$ cat structure.cif   # mmCIF, C-alpha atoms
data_entry
#
loop_
_atom_site.group_PDB
_atom_site.id
_atom_site.type_symbol
_atom_site.label_atom_id
_atom_site.label_comp_id
_atom_site.auth_asym_id
_atom_site.auth_seq_id
_atom_site.Cartn_x
_atom_site.Cartn_y
_atom_site.Cartn_z
ATOM 1 C CA MET A 200 37.241 84.631 34.470
ATOM 2 C CA ASN A 201 38.345 88.129 33.511
ATOM 3 C CA LYS A 202 41.743 88.373 31.882
ATOM 4 C CA PRO A 203 44.348 89.569 34.392
ATOM 5 C CA PHE A 204 46.557 91.009 31.647
ATOM 6 C CA ALA A 205 45.944 93.259 28.644
ATOM 7 C CA VAL A 206 48.228 91.136 26.465
ATOM 8 C CA SER A 207 47.557 87.895 24.612
ATOM 9 C CA VAL A 208 49.321 84.763 25.828
ATOM 10 C CA SER A 209 50.277 81.671 23.833
ATOM 11 C CA VAL A 210 51.382 78.475 25.555
ATOM 12 C CA VAL A 211 53.612 76.176 23.494
ATOM 13 C CA VAL A 212 53.654 72.496 24.488
ATOM 14 C CA PRO A 213 56.039 70.108 22.702
ATOM 15 C CA ALA A 214 54.731 66.549 23.014
ATOM 16 C CA MET A 215 55.610 63.074 21.812
ATOM 17 C CA ASN A 216 53.573 60.155 23.137
ATOM 18 C CA GLU A 217 52.222 62.109 26.113
ATOM 19 C CA ALA A 218 48.524 61.161 25.881
ATOM 20 C CA GLY A 219 48.492 59.889 29.458
ATOM 21 C CA ASN A 220 49.881 63.145 30.854
ATOM 22 C CA LEU A 221 47.904 65.726 28.902
ATOM 23 C CA PRO A 222 44.690 65.598 30.999
ATOM 24 C CA HIS A 223 46.696 66.696 34.041
ATOM 25 C CA VAL A 224 48.808 69.229 32.131
ATOM 26 C CA PHE A 225 45.876 70.937 30.452
ATOM 27 C CA ALA A 226 43.902 71.016 33.702
ATOM 28 C CA THR A 227 46.606 73.235 35.219
ATOM 29 C CA LEU A 228 46.418 75.829 32.442
ATOM 30 C CA PRO A 229 44.693 79.107 33.381
ATOM 31 C CA THR A 230 41.371 79.774 31.674
ATOM 32 C CA TRP A 231 42.522 83.238 30.572
ATOM 33 C CA ILE A 232 45.308 82.178 28.217
ATOM 34 C CA ASP A 233 44.537 82.908 24.575
ATOM 35 C CA GLU A 234 45.859 79.843 22.798
ATOM 36 C CA VAL A 235 47.599 76.529 23.302
ATOM 37 C CA VAL A 236 49.943 75.337 20.565
ATOM 38 C CA LEU A 237 50.692 71.615 20.754
ATOM 39 C CA VAL A 238 53.727 70.578 18.726
ATOM 40 C CA ASP A 239 53.333 66.871 18.033
ATOM 41 C CA GLY A 240 56.583 65.006 17.509
ATOM 42 C CA ASN A 241 55.041 62.253 15.363
ATOM 43 C CA SER A 242 53.417 60.508 18.330
ATOM 44 C CA ILE A 243 52.399 56.893 17.901
ATOM 45 C CA ASP A 244 49.818 57.057 20.676
ATOM 46 C CA ASN A 245 46.675 59.207 20.682
ATOM 47 C CA THR A 246 48.372 62.371 21.939
ATOM 48 C CA VAL A 247 46.707 64.647 19.382
ATOM 49 C CA ALA A 248 43.249 63.112 19.760
ATOM 50 C CA VAL A 249 43.357 63.412 23.540
ATOM 51 C CA ALA A 250 44.615 66.989 23.308
ATOM 52 C CA ARG A 251 41.840 68.007 20.899
ATOM 53 C CA GLN A 252 39.224 66.404 23.116
ATOM 54 C CA LEU A 253 40.531 68.268 26.144
ATOM 55 C CA ARG A 254 40.837 71.573 24.343
ATOM 56 C CA PRO A 255 38.750 71.951 21.171
ATOM 57 C CA ASP A 256 40.369 75.299 20.366
ATOM 58 C CA LEU A 257 43.810 73.702 20.358
ATOM 59 C CA ARG A 258 46.241 74.527 17.576
ATOM 60 C CA VAL A 259 48.303 71.532 16.479
ATOM 61 C CA VAL A 260 51.654 71.803 14.727
ATOM 62 C CA ALA A 261 53.007 68.605 13.186
ATOM 63 C CA GLN A 262 56.731 68.707 13.880
ATOM 64 C CA THR A 263 58.791 68.479 10.700
ATOM 65 C CA GLY A 264 62.157 67.905 12.392
ATOM 66 C CA ARG A 265 63.295 66.032 15.479
ATOM 67 C CA GLY A 266 64.151 66.954 19.053
ATOM 68 C CA LYS A 267 62.767 69.259 21.724
ATOM 69 C CA GLY A 268 64.612 72.277 20.414
ATOM 70 C CA ASN A 269 63.178 71.882 16.939
ATOM 71 C CA ALA A 270 59.689 71.331 18.368
ATOM 72 C CA LEU A 271 59.838 74.517 20.408
ATOM 73 C CA ILE A 272 61.164 76.575 17.513
ATOM 74 C CA GLU A 273 58.319 75.397 15.292
ATOM 75 C CA GLY A 274 55.817 76.108 18.067
ATOM 76 C CA PHE A 275 57.214 79.581 18.717
ATOM 77 C CA THR A 276 56.968 80.389 15.027
ATOM 78 C CA ALA A 277 53.322 79.321 14.945
ATOM 79 C CA ALA A 278 52.290 81.161 18.136
ATOM 80 C CA ARG A 279 50.148 84.278 17.715
ATOM 81 C CA GLY A 280 50.237 85.781 21.198
ATOM 82 C CA ASP A 281 52.110 88.840 22.463
ATOM 83 C CA VAL A 282 53.685 86.590 25.087
ATOM 84 C CA ILE A 283 54.948 83.049 24.521
ATOM 85 C CA VAL A 284 55.181 80.590 27.414
ATOM 86 C CA MET A 285 56.889 77.198 27.055
ATOM 87 C CA ILE A 286 55.893 74.281 29.257
ATOM 88 C CA ASP A 287 56.466 70.516 29.197
ATOM 89 C CA ALA A 288 53.847 67.879 28.401
ATOM 90 C CA ASP A 289 54.957 65.383 31.049
ATOM 91 C CA GLY A 290 53.366 67.093 34.043
ATOM 92 C CA SER A 291 56.625 68.431 35.458
ATOM 93 C CA THR A 292 55.741 72.087 34.908
ATOM 94 C CA ASP A 293 52.723 73.628 36.627
ATOM 95 C CA GLY A 294 50.510 75.752 34.398
ATOM 96 C CA GLY A 295 49.352 77.579 37.497
ATOM 97 C CA GLU A 296 52.706 79.351 37.546
ATOM 98 C CA ILE A 297 52.061 81.023 34.185
ATOM 99 C CA PHE A 298 50.595 84.009 36.037
ATOM 100 C CA SER A 299 53.966 84.652 37.702
ATOM 101 C CA PHE A 300 55.851 84.429 34.412
ATOM 102 C CA VAL A 301 53.530 86.798 32.568
ATOM 103 C CA SER A 302 53.533 89.169 35.559
ATOM 104 C CA ALA A 303 57.323 89.404 35.344
ATOM 105 C CA LEU A 304 57.078 90.371 31.675
ATOM 106 C CA VAL A 305 54.298 92.898 32.174
ATOM 107 C CA GLN A 306 56.327 94.455 34.992
ATOM 108 C CA GLY A 307 59.244 95.140 32.667
ATOM 109 C CA ALA A 308 61.178 91.964 31.913
ATOM 110 C CA ASP A 309 61.866 90.878 28.354
ATOM 111 C CA PHE A 310 62.548 87.266 29.274
ATOM 112 C CA ALA A 311 61.149 85.441 32.319
ATOM 113 C CA LYS A 312 63.334 82.499 33.234
ATOM 114 C CA GLY A 313 62.100 79.732 35.488
ATOM 115 C CA SER A 314 64.383 78.631 38.312
ATOM 116 C CA ARG A 315 64.115 75.653 40.627
ATOM 117 C CA TYR A 316 66.868 77.129 42.805
ATOM 118 C CA ALA A 317 65.502 80.639 43.322
ATOM 119 C CA PRO A 318 63.797 81.201 46.708
ATOM 120 C CA GLY A 319 60.371 79.612 46.441
ATOM 121 C CA GLY A 320 61.391 77.136 43.740
ATOM 122 C CA GLY A 321 62.182 73.440 44.008
ATOM 123 C CA SER A 322 62.143 70.056 42.318
ATOM 124 C CA ASP A 323 60.642 66.643 43.000
ATOM 125 C CA ASP A 324 62.399 65.137 40.025
ATOM 126 C CA ILE A 325 65.998 66.227 39.533
ATOM 127 C CA SER A 326 68.643 63.620 40.339
ATOM 128 C CA LEU A 327 71.869 64.315 42.209
ATOM 129 C CA LEU A 328 73.894 63.910 39.003
ATOM 130 C CA ARG A 329 71.687 66.266 37.016
ATOM 131 C CA SER A 330 71.643 68.798 39.857
ATOM 132 C CA LEU A 331 75.430 68.788 40.129
ATOM 133 C CA GLY A 332 75.866 69.054 36.370
ATOM 134 C CA ASN A 333 73.363 71.894 36.193
ATOM 135 C CA LYS A 334 75.168 73.834 38.921
ATOM 136 C CA VAL A 335 78.524 73.436 37.167
ATOM 137 C CA LEU A 336 77.099 74.497 33.809
ATOM 138 C CA THR A 337 75.229 77.397 35.404
ATOM 139 C CA GLY A 338 78.410 78.612 37.111
ATOM 140 C CA LEU A 339 80.368 78.359 33.862
ATOM 141 C CA THR A 340 77.733 80.352 32.003
ATOM 142 C CA ASN A 341 77.708 83.047 34.678
ATOM 143 C CA LEU A 342 81.501 83.253 34.487
ATOM 144 C CA LEU A 343 81.642 83.505 30.692
ATOM 145 C CA TYR A 344 78.631 85.742 30.102
ATOM 146 C CA GLY A 345 78.411 87.854 33.252
ATOM 147 C CA THR A 346 74.964 86.517 34.090
ATOM 148 C CA ARG A 347 73.651 85.677 37.555
ATOM 149 C CA TYR A 348 71.529 82.670 36.763
ATOM 150 C CA THR A 349 70.678 80.105 39.416
ATOM 151 C CA ASP A 350 69.279 77.442 37.071
ATOM 152 C CA LEU A 351 70.552 77.099 33.504
ATOM 153 C CA CYS A 352 68.929 73.853 32.355
ATOM 154 C CA TYR A 353 65.215 74.275 32.980
ATOM 155 C CA GLY A 354 62.494 74.316 30.364
ATOM 156 C CA TYR A 355 59.942 76.692 31.869
ATOM 157 C CA ASN A 356 60.380 80.145 30.355
ATOM 158 C CA ALA A 357 58.337 82.988 28.886
ATOM 159 C CA PHE A 358 59.193 85.941 26.683
ATOM 160 C CA TRP A 359 57.708 88.648 24.530
ATOM 161 C CA ALA A 360 57.102 87.279 21.041
ATOM 162 C CA HIS A 361 58.774 90.272 19.407
ATOM 163 C CA HIS A 362 62.102 89.147 20.890
ATOM 164 C CA LEU A 363 62.028 85.869 18.976
ATOM 165 C CA ASP A 364 64.227 87.306 16.218
ATOM 166 C CA ALA A 365 66.812 88.431 18.776
ATOM 167 C CA LEU A 366 67.018 84.897 20.160
ATOM 168 C CA ALA A 367 67.540 83.481 16.645
ATOM 169 C CA LEU A 368 67.061 79.926 17.892
ATOM 170 C CA ASP A 369 68.657 77.218 15.777
ATOM 171 C CA CYS A 370 69.197 73.976 17.708
ATOM 172 C CA ASP A 371 67.385 70.651 17.898
ATOM 173 C CA GLY A 372 67.937 69.126 21.331
ATOM 174 C CA PHE A 373 67.512 69.747 25.050
ATOM 175 C CA GLU A 374 70.231 72.409 24.863
ATOM 176 C CA ILE A 375 67.481 74.763 23.655
ATOM 177 C CA GLU A 376 67.028 76.156 27.187
ATOM 178 C CA THR A 377 70.730 76.985 27.466
ATOM 179 C CA LEU A 378 70.744 78.584 24.027
ATOM 180 C CA MET A 379 67.768 80.762 24.933
ATOM 181 C CA ASN A 380 69.345 81.881 28.201
ATOM 182 C CA VAL A 381 72.703 82.687 26.628
ATOM 183 C CA ARG A 382 71.295 84.524 23.628
ATOM 184 C CA ALA A 383 68.858 86.487 25.770
ATOM 185 C CA ALA A 384 71.856 87.743 27.742
ATOM 186 C CA GLN A 385 73.906 88.418 24.611
ATOM 187 C CA ALA A 386 71.023 90.410 23.138
ATOM 188 C CA GLY A 387 70.876 92.602 26.236
ATOM 189 C CA LEU A 388 67.358 91.535 27.154
ATOM 190 C CA ARG A 389 66.088 92.290 30.637
ATOM 191 C CA ILE A 390 65.970 88.885 32.288
ATOM 192 C CA ARG A 391 64.129 88.043 35.479
ATOM 193 C CA GLU A 392 64.204 84.679 37.210
ATOM 194 C CA VAL A 393 60.858 83.324 38.379
ATOM 195 C CA PRO A 394 60.750 80.700 41.169
ATOM 196 C CA SER A 395 59.275 77.465 39.851
ATOM 197 C CA HIS A 396 58.591 74.040 41.340
ATOM 198 C CA GLU A 397 59.334 71.076 39.103
ATOM 199 C CA HIS A 398 57.137 68.020 39.635
ATOM 200 C CA SER A 399 57.906 64.438 38.724
ATOM 201 C CA ARG A 400 56.840 63.112 35.338
ATOM 202 C CA ILE A 401 53.435 61.467 35.700
ATOM 203 C CA HIS A 402 53.595 58.700 33.083
ATOM 204 C CA GLY A 403 56.214 57.405 30.679
ATOM 205 C CA GLU A 404 59.953 57.888 30.503
ATOM 206 C CA SER A 405 61.937 61.013 29.775
ATOM 207 C CA ASN A 406 64.027 61.307 26.612
ATOM 208 C CA LEU A 407 66.626 63.302 28.563
ATOM 209 C CA HIS A 408 70.044 61.661 28.977
ATOM 210 C CA ALA A 409 72.142 63.468 31.581
ATOM 211 C CA VAL A 410 75.608 62.816 30.141
ATOM 212 C CA ARG A 411 74.765 63.094 26.451
ATOM 213 C CA ASP A 412 72.609 66.187 26.813
ATOM 214 C CA GLY A 413 74.970 67.732 29.368
ATOM 215 C CA TRP A 414 77.744 67.453 26.788
ATOM 216 C CA ARG A 415 75.550 69.188 24.208
ATOM 217 C CA VAL A 416 74.858 71.975 26.691
ATOM 218 C CA LEU A 417 78.588 72.389 27.383
ATOM 219 C CA LYS A 418 79.356 72.625 23.670
ATOM 220 C CA THR A 419 76.582 75.185 23.262
ATOM 221 C CA ILE A 420 78.030 77.361 26.031
ATOM 222 C CA PHE A 421 81.468 77.507 24.403
ATOM 223 C CA ARG A 422 80.157 77.733 20.836
ATOM 224 C CA GLU A 423 78.017 80.736 21.703
ATOM 225 C CA ARG A 424 80.998 82.410 23.356
ATOM 226 C CA THR A 425 82.912 82.093 20.072
ATOM 227 C CA ARG A 426 79.887 83.224 18.088
ATOM 228 C CA GLY A 427 79.539 86.334 20.243
ATOM 229 C CA ALA A 428 83.210 87.216 19.835
ATOM 230 C CA MET A 429 82.988 86.838 16.056
ATOM 231 C CA ALA A 430 79.885 89.038 15.930
ATOM 232 C CA ALA A 431 81.674 91.730 17.956
ATOM 233 C CA GLN A 432 84.661 91.636 15.598
ATOM 234 C CA ALA A 433 82.342 91.962 12.601
ATOM 235 C CA GLN A 434 80.713 95.040 14.138
ATOM 236 C CA VAL A 435 84.113 96.638 14.717
ATOM 237 C CA ALA A 436 85.113 95.931 11.132
ATOM 238 C CA LEU A 437 81.916 97.520 9.828
ATOM 239 C CA ALA A 438 82.458 100.576 12.011
ATOM 240 C CA GLU A 439 85.922 101.026 10.554
#

$ encode --input "structure.cif" --output "structure tokens"
Amino acid sequence: MNKPFAVSVSVVVPAMNEAGNLPHVFATLPTWIDEVVLVDGNSIDNTVAVARQLRPDLRVVAQTGRGKGNALIEGFTAARGDVIVMIDADGSTDGGEIFSFVSALVQGADFAKGSRYAPGGGSDDISLLRSLGNKVLTGLTNLLYGTRYTDLCYGYNAFWAHHLDALALDCDGFEIETLMNVRAAQAGLRIREVPSHEHSRIHGESNLHAVRDGWRVLKTIFRERTRGAMAAQAQVALAE
């Protein structure tokens, strides 16, 4: 298949004990992407072996820390493409949607943010509690940062690799998506939401805990607000 874009695309997949899901996940990936970076979180199953068998050109990063946030940061750092796309290894994100994310970037966005609540999006997996919590946290973020997000806590995003420094990511857990969304807004990046349909996990159990991780997201929202105010004060002081 001819490449539909004149830019190189890296797909970063954090995985821990996802051997049973990878055949489905990799089958959804477009043939035109340039590289897949699997970040292995010290799996005790044959995640890496299965991944290499499915995709011989795979790049594997052995995670040195813990948590999804740390895994993504290490994967982003290793990626070589002009565009970086992040997807999950549990089958919940559809690789077929990568075209829409990259299209948004090529058309002028700096950061393409997946949304299950944008027209055309949806979810087969989100619980009532998680949906309610997400809506509250999304509304709070929009209020504090002047954004117009419809879905704060979703892990399907894409961005130009040269904006990685502006995001300055530095967290370990599931709050990574919130941190990316907030810092993209703080950095003045052009953000475009892309409708996305979340599927149910195929095998295994999620490491996400609604209350614990929701609390971490809430703390991230307020911490970043303070961080932004301190940075603004520092800029004023330098100008004086």

$ residues_near_point --input "structure.cif" --point "(57.4, 92.6, 32.5)" --cutoff "12 Å" --atoms "all atoms listed in the file" --output "list in words"
Phe204, Val206, Asp281, Val282, Phe298, Ser299, Phe300, Val301, Ser302, Ala303, Leu304, Val305, Gln306, Gly307, Ala308, Asp309, Phe310, Ala311, Lys312, Ala357, Phe358, Trp359, Leu388, Arg389, Ile390, Arg391, Glu392 and Val393 of chain A

$ residues_around --input "structure.cif" --residues "Lys334 (chain A)" --least-positions-apart "3" --cutoff "9 Å" --atoms "only C-alpha atoms" --output "PyMOL selection string"
chain A and resi 329-331+337-339+349-351

$ closest_residue --input "structure.cif" --among "A:Asp287, A:Asp412, A:Asp256, A:Asp364" --to "Leu336 (chain A)" --atoms "all atoms listed in the file"
A:Asp412

$ axis_aligned_box --input "structure.cif" --around "region 326-334 of chain A" --padding-each-side "8 Å" --output "AutoDock Vina command-line options"
--center_x 72.3 --center_y 68.7 --center_z 39.2 --size_x 23.2 --size_y 26.2 --size_z 22.0

$ atom_distance --input "structure.cif" --atom1 "CA of Val247 (chain A)" --atom2 "CA of Thr263 (chain A)"
15.4 Å

$ residues_around --input "structure.cif" --residues "Asp371 (chain A)" --least-positions-apart "6" --cutoff "9 Å" --atoms "all atoms listed in the file" --output "list of chain:residue names"
A:Gly264, A:Arg265, A:Gly266, A:Lys267, A:Gly268, A:Asn269, A:Ala270, A:Leu271, A:Ile272

$ residues_near_point --input "structure.cif" --point "(47.0, 73.0, 20.4)" --cutoff "6 Å" --atoms "only C-alpha atoms" --output "NGL selection string"
:A and (235-237 or 257-259)

$ resolve_selection --input "structure.cif" --expression "the PyMOL selection byres ((chain A and resi 420) around 10)" --output "ChimeraX atom specification"
/A:336-337,339-340,343-344,374,377-378,381,414-419,421-425
